[in-house]
Amino acid sequence: MDKYQPVIGLEIHVELKTKSKMFCQCNANYFGKEPNTQTCPVCLGLPGALPVPNKKAVEYCQMIGAALNCQLATQSKFDRKHYFYPDLPKGYQISQYDEPFCTKGQIEISEKKIGITRVHMEEDTGKLIHDVEETLIDFNRSGVPLVEIVTEPDFDNAADVKFFLEELQVIIRYLGVSDADMEKGSMRLEPNISLKLKGEKNLPKYKVEVKNINSFNFVKKAVEYEIIRQSQLLEKGKKPEQETRGFNENKGITISQRSKEYAHDYRYFPDPDIPPLEFAGEYLSKRKGKLPELPTQKMARYVKKLGLRQQDAFILTRSKTLADYFDDLCSRLRGKEQQVANTIVNKKIQTNLTVEEFIKEFNSMTRISTVTDEQMKKVVEEVIKKNAKAIKDYTSGKENVLMFLVGQVMRELKGQADAKKIREELQRRLK
Amino acid sequence: MKLLGKSLTELKTLVEKKEVSCEEIFEYFSKRVKKYNNGLNAFLTIQENEVKNTLPVAFKDNFCTKDILTTASSKVLDKYIPPYNATVVERLLNTGYFVQGKTNMDAWAHGASTETSDYGNTKNPWDHARYPGGSSGGSAAAVAAYLTPVAIGSDTGGSIRHPSSWCGVVGLKPTYGRVSRYGVIAMGSSLDCPGPMSLFVEDIALIMQAIAGKDSYDATTASIKVPNYFKSLTQPRKLRIGVPEDYFEGVDEQIKKKVDRCIDRLKKMGHEIKKVKLLSPKYAISVYTILQRAEVSSNLARYDGIRYGNDRTYFGEEAKRRIMLGTYVLSHGYYDAYYKNAQTVRTVIIEDFKRVFKDVDIVVGPNTPVTALKIGEFAKYPFFGELMDQLNEPASVAGIPALSVPVGLDKNNLPIGMQIIGNYFDEETILNAAYQIQKETDYFGVTKKNLEKYPD
């Protein structure tokens, strides 16, 4: 096995959460809707219907490209990709061929650079529902904006693939352009895997694409399985076949689906229904400037500026909601960032509380934890000594003086103690 | 009141003055359709009931009409009833018109004869043994025989101008992007242009006013302001008129003569006639054939037998030929040689027209190389459409507007058309010129003679 080096590339589809579909005004949120209720002549591909591109979707696609450090094209267009399948109502999919919105990006994973070949925009297809006796078509998904991200074959192990995908999912969620939910199908993965001899410069002459994978763990398993399967074939002197394989979750293996010996001829040509698109350089740099702080940037800031531990910074930045919550807390609890991080990471306080509720609980918790009973008792003694008049008033029956004394102790302890305990101690000493 | 040969514009005025009712007009045209349509086969579908207070307009059967059968004259769509209206239909419904009926055409608009229709060809109103031209042959025949005051057609490579010429009516192919294609069953998407046909230029202006302009459902429509076409008809303009020699090559002598006669009249009217050099139409034919076939093969892919009832075996010979050629030119390894080259030459043709329109306002020439051919002659020519449309395709490829007007009859008493080509989005000038010809010549008596053949 050590003889071979895996060569792995990824194709990822992400469904955008725009209000309307890619080329019509139908609702893009089809999840859980009655079949064929979110449709119109355009997404049904009826005779005479024409596509009009969704500006927001194009913007979202460019945001993904920018976040993956891609070059954003100033000139672009949509193309028709032809193939026959019952879920494709026009007999072609509107996609992008040689002028995608974004190209030549890269991101860093476990200190390795992963190249992003392209990020382009297309439309989703309908969905086939196989019944016992018949197959039905639901076109609610037809025309939903879909972004395809293609990486260079820069991975050489399954663990990095998983890291990359997790990172990508977090980035996309940060951008707020998609749920990137594998279970709902709003993020779909297709790794392609091949093996070459270690040290060999050229890419292998075949590749195996694996489809139908719906979790990051399964991607890892599928890639690992393929590496073993292909190395065994190579050991026997056989070249693995260029093909598409499906992943069987129950058995943890891949199964041949169709041979791809000859590439499909999709007969791409520019879609005459959609004029070419042009973007001013200024507009595109603005697009890049508008990106939110991305997880790696946030993480670096937490470590460098807030002094958080790397591990905590990582956990906090995995979800934008959590990171935003943390940022909110930090802005109001300056100097206590690591303490706040500890509290969240160790789940001492629930993060579903409002920021105010969290701070309240955090304060009372830290009071207990930062002042020892001994320190507190010492201060109580000092306060009693310094306030002879107040003590006299209290012993003669003015009970509300007690609160004044508690306040004095608290001031000495900079508010870091438990008021209830101070009160009890004072009462005990003044009996 | 005698309604025969009244323009839609006149009918509209009469209704406004309450001199005639919409109901009477409906009854009038219904009667004429009953009387003549069996012989002509111009209409495939006829609306039986009057739509209150509106005037009739006929639509080619590739315009989607909500709840009304729309087949594009192909059995593939034999029972297809669209759930929506084409933008052109919708706009006319909103401006006081109703769908009088749907007219016959070459199936999928493939052809210049209506012979490829799966519902029988339409007869030329001038001679029932001849083709009306096509593909909007049903629309042209319905207008010529005055079964309707106005018919809407679509022009991809001459499909409005060609039958207009053979039937002796006026037909305008607007600039590509001037009139929405939404809801027009696509043929060649980068070429398709919906437009009006009538016996009178003022009706063309009237209809254009209603249908032209930006449509949010068609990304290829232009936001350029729609001028007042009607008003610009009557402006006393003196025009610079270009005559390209190459457009007379291989054209029937009788046609040349009648076109020349009209050009002479224009000169006498004070217009400036200039010889211009335009690229030979033969280049446009090659470009057109490749692009159109490519787009056809793509546009017909949706009729895969899963929807619309009938499967692919219902495609006729012509559609199959075009799908195969289109598939070939888009195939891997051939794309660059055919499609890409064609796009490059298309740009050259566009530049050529732009250059000429710096010197002239319009370009005129014959509209067709021959007058209406006898039914059956179609089979003799494998590229019949391209041959018939060779003078129309340059404007289609360039996307510029062009119109056909009648300028006389040949020895067989068949109409001859002259083509007026204009600059981008300058339908105004074309209409102004055509209106001047109409006023000055009365189309050399063609319209009058036409109407005499179809009395009430």
# chains A, B, ... in the order shown; residues from 1 in each chain; ligands from 1
$ interface_residues --of "chain A" --to "chain B" --cutoff "8 Å" --atoms "only C-alpha atoms" --output "PDB file with C-alpha atoms, in the first residue's frame"
ATOM      1  CA  PRO A  41     -43.969  27.259 -16.848  1.00  0.00           C
ATOM      2  CA  GLY A  45     -39.666  23.697 -18.929  1.00  0.00           C
ATOM      3  CA  PRO A  47     -42.914  25.124 -24.408  1.00  0.00           C
ATOM      4  CA  GLY A  48     -42.179  28.827 -24.850  1.00  0.00           C
ATOM      5  CA  ALA A  49     -41.013  29.510 -21.289  1.00  0.00           C
ATOM      6  CA  LEU A  50     -37.740  31.431 -20.849  1.00  0.00           C
ATOM      7  CA  PRO A  51     -35.190  31.700 -18.029  1.00  0.00           C
ATOM      8  CA  VAL A  52     -34.346  35.020 -16.363  1.00  0.00           C
ATOM      9  CA  PRO A  53     -31.337  34.733 -14.033  1.00  0.00           C
ATOM     10  CA  HIS A  82     -27.655  18.487 -22.756  1.00  0.00           C
ATOM     11  CA  PHE A  84     -31.835  13.118 -21.261  1.00  0.00           C
ATOM     12  CA  PRO A  86     -36.870  12.327 -16.705  1.00  0.00           C
ATOM     13  CA  PRO A  89     -37.680  18.884 -18.102  1.00  0.00           C
ATOM     14  CA  LYS A  90     -35.942  20.875 -20.869  1.00  0.00           C
ATOM     15  CA  GLY A  91     -33.605  18.115 -22.020  1.00  0.00           C
ATOM     16  CA  TYR A  92     -30.762  20.370 -20.927  1.00  0.00           C
ATOM     17  CA  ASP A 265     -20.994  14.578 -24.934  1.00  0.00           C
ATOM     18  CA  TYR A 266     -23.126  17.256 -23.328  1.00  0.00           C
ATOM     19  CA  ARG A 267     -23.102  19.406 -26.466  1.00  0.00           C
ATOM     20  CA  TYR A 268     -22.546  22.572 -24.451  1.00  0.00           C
ATOM     21  CA  PHE A 269     -23.326  25.860 -26.142  1.00  0.00           C
ATOM     22  CA  PRO A 272     -29.188  32.063 -26.309  1.00  0.00           C
ATOM     23  CA  ASP A 273     -31.985  32.924 -23.855  1.00  0.00           C
ATOM     24  CA  ILE A 274     -29.612  34.598 -21.413  1.00  0.00           C
ATOM     25  CA  PRO A 275     -27.397  37.473 -22.579  1.00  0.00           C
TER      26      PRO A 275
END
$ residues_around --residues "Gly365 (chain B)" --least-positions-apart "6" --cutoff "7 Å" --atoms "only C-alpha atoms" --output "PyMOL selection string"
chain B and resi 243+247-248+259+418-420
$ write_last_selection --atoms "C-alpha atoms" --output "CSV table (one decimal), in the first residue's frame"
chain,number,residue,atom,x,y,z
B,243,VAL,CA,-29.8,49.1,-52.8
B,247,TYR,CA,-29.5,40.9,-53.1
B,248,PHE,CA,-30.7,40.8,-56.7
B,259,VAL,CA,-38.9,45.9,-57.2
B,418,MET,CA,-40.1,44.0,-51.5
B,419,GLN,CA,-38.0,43.8,-48.4
B,420,ILE,CA,-37.2,46.9,-46.4
$ closest_residue --among "B:Gln292, B:Asn392, B:Thr65, B:Thr175" --to "His110 (chain B)" --atoms "only C-alpha atoms"
B:Gln292
$ atom_distance --atom1 "CA of Lys52 (chain B)" --atom2 "CA of Lys6 (chain B)"
20.3 Å
$ closest_residue --among "B:Gly111, B:Ser198, B:Ser74, B:Phe230" --to "Ala144 (chain B)" --atoms "only C-alpha atoms"
B:Ser198
$ residues_around --residues "Gly316 (chain B)" --least-positions-apart "6" --cutoff "9 Å" --atoms "only C-alpha atoms" --output "ChimeraX atom specification"
/B:74-75,107,116-118
$ write_last_selection --atoms "N, CA and C atoms" --output "PDB file, in the first residue's frame"
ATOM      1  N   SER B  74     -47.555  20.545 -34.851  1.00  0.00           N
ATOM      2  CA  SER B  74     -46.916  19.232 -34.735  1.00  0.00           C
ATOM      3  C   SER B  74     -47.782  18.300 -33.898  1.00  0.00           C
ATOM      4  N   LYS B  75     -47.893  17.057 -34.340  1.00  0.00           N
ATOM      5  CA  LYS B  75     -48.673  16.061 -33.598  1.00  0.00           C
ATOM      6  C   LYS B  75     -48.043  15.733 -32.248  1.00  0.00           C
ATOM      7  N   ALA B 107     -44.644  22.751 -39.183  1.00  0.00           N
ATOM      8  CA  ALA B 107     -44.464  22.182 -37.854  1.00  0.00           C
ATOM      9  C   ALA B 107     -43.200  22.756 -37.222  1.00  0.00           C
ATOM     10  N   THR B 116     -44.923  21.185 -44.024  1.00  0.00           N
ATOM     11  CA  THR B 116     -44.498  20.302 -42.945  1.00  0.00           C
ATOM     12  C   THR B 116     -45.493  20.286 -41.786  1.00  0.00           C
ATOM     13  N   SER B 117     -46.595  21.032 -41.914  1.00  0.00           N
ATOM     14  CA  SER B 117     -47.634  20.994 -40.866  1.00  0.00           C
ATOM     15  C   SER B 117     -48.214  19.592 -40.783  1.00  0.00           C
ATOM     16  N   ASP B 118     -48.435  19.114 -39.586  1.00  0.00           N
ATOM     17  CA  ASP B 118     -49.075  17.805 -39.416  1.00  0.00           C
ATOM     18  C   ASP B 118     -50.588  17.888 -39.611  1.00  0.00           C
TER      19      ASP B 118
END
$ select_by_dssp --residues "region 234-263 of chain A" --states "strand (DSSP E or B)" --output "VMD selection string"
chain A and resid 243 to 248 253 to 259
$ residues_around --residues "Asp393 (chain A)" --least-positions-apart "6" --cutoff "12 Å" --atoms "only C-alpha atoms" --output "list in words"
Asn387, Glu399, Asn400, Val401, Leu402, Phe404, Leu405 and Leu430 of chain A
$ closest_residue --among "A:Glu108, A:Glu293, A:Glu224, A:Glu190" --to "Thr244 (chain A)" --atoms "only C-alpha atoms"
A:Glu190
